[in-house]
Structures are given as structure tokens and as C-alpha cells.
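Q: Okay, here's the structure, questions in a sec.
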Amino acid sequence: SDGKFYEYKSTPKNTSGLEYSYSTTWSDKNNFIPMKQVFYDKNGKELKVYKVEKVETIQDFPTITEFSMTNVESGESTYTIYSNIKYNVGIEDEIFTESYLKRSPRKWLRYSK
């Protein structure tokens with residue numbers, strides 16, 4: 001590491017139902033954004049790589065606006081772009097309770113293809 005990132009390993013307590021056994025993450029020391037995460041199987045073989053492609057400052061918040069997820073074995077990648085990002089839009093605190101989050105807060109979500 002070049003000193004710009006924190007590098008740390010994460011191991012799920014329960015890996016049943018997961019295809020990976022642990023992951024390594026590199027987070028930017030300045031804004032704590034996880035810029036890259038590599039997922040490994042139980043033998044230490046790379047399975048998938050998550051990589052932030054673009055960070056923009058929106059309303060003073062460093063924000064991931066583009067990222068990719070690559071399947072190491074097949075080489076196939078999924079590329080995701082976030083748009084129309086807004087902060088402090090007046091979402092009620094109740095939205096963040098467990099019971100509310102089990103129902104998707106459709107009022108605040110919009111998907112496009």
C-alpha cells in the first residue's frame with residue numbers, strides 16, 4: 001500500500017450461503033470510502049473484485065458514483081452508475097427502523113435501466 005489506504009480483512013461469522021470465506025478491503029484514508037474489495041474462497045483464491053471507478057463530491061459529501069464488480073474466473077464485470085444523487089432531502093427518521101426497512105420505502109427509491 002502507498003499509505004493512502006487502510007487495508008483490512010473481514011471474515012463473516014457465518015459463511016453458510018455465502019460463496020466467499022473472507023474479503024480484503026482498501027479504504028481511502030481521507031474519506032473512508034472503500035475503494036476496492038477482493039472476495040476470496042476458503043483456499044485464498046480470488047472470486048470477485050469490487051472496485052470504485054469514480055468518486056464525486058456531491059453537496060460536500062464524497063460519493064461513489066460508479067463502481068464495478070468483476071467475477072475473476074469468468075472475467076465478466078457488472079458496471080453500476082448512480083445518478084440524481086441528493087442528500088438531506090427530508091427523509092423521516094422512521095424510515096431507518098428495522099420494521100420500516102423490511103418494506104421497501106418506494107417513495108425514496110427510483111430505478112432506471
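Identifiers for the C-alpha cells are assigned positionally: chains receive A, B, ... in sequence, residues are indexed from 1 per chain, and ligands are indexed from 1 in the order shown.
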I'd like the neighbourhood of Val72 of chain A as a VMD selection string, where a residue qualifies if any of its atoms comes within 10 Å (using only C-alpha atoms), though same-chain residues fewer than 4 positions away should be ignored.
A: chain A and resid 38 to 39 45 to 49 76 to 77
Q: Would you mind listing what lies within 7 Å of Tyr6 of chain A as number ranges by chain, with only C-alpha atoms counted and same-chain residues fewer than 3 positions away left out?
A: A: 26-29
Q: Please provide the set of residues having any atom within 7 Å of Phe67 of chain A, restricted to only C-alpha atoms, with same-chain residues fewer than 4 positions apart removed, written as a list in words.
A: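 The filter keeps Lys51, Val52, Glu53, Lys54, Tyr79, Thr80 and Ile81 of chain A.
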Q: With only C-alpha atoms as the atoms that count, which of A:Thr65, A:Asn71, A:Thr25, A:Gln59 lies nearest to Asn88 of chain A?
A: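 Closest to Asn88 of chain A, using only C-alpha atoms: A:Gln59.
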Q: For atom CA of Asp41 of chain A and atom CA of Thr78 of chain A, determine how far apart the two atoms are, in Å to one decimal place.
A: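 Atom-to-atom, atom CA of Asp41 of chain A to atom CA of Thr78 of chain A, that is 20.0 Å.
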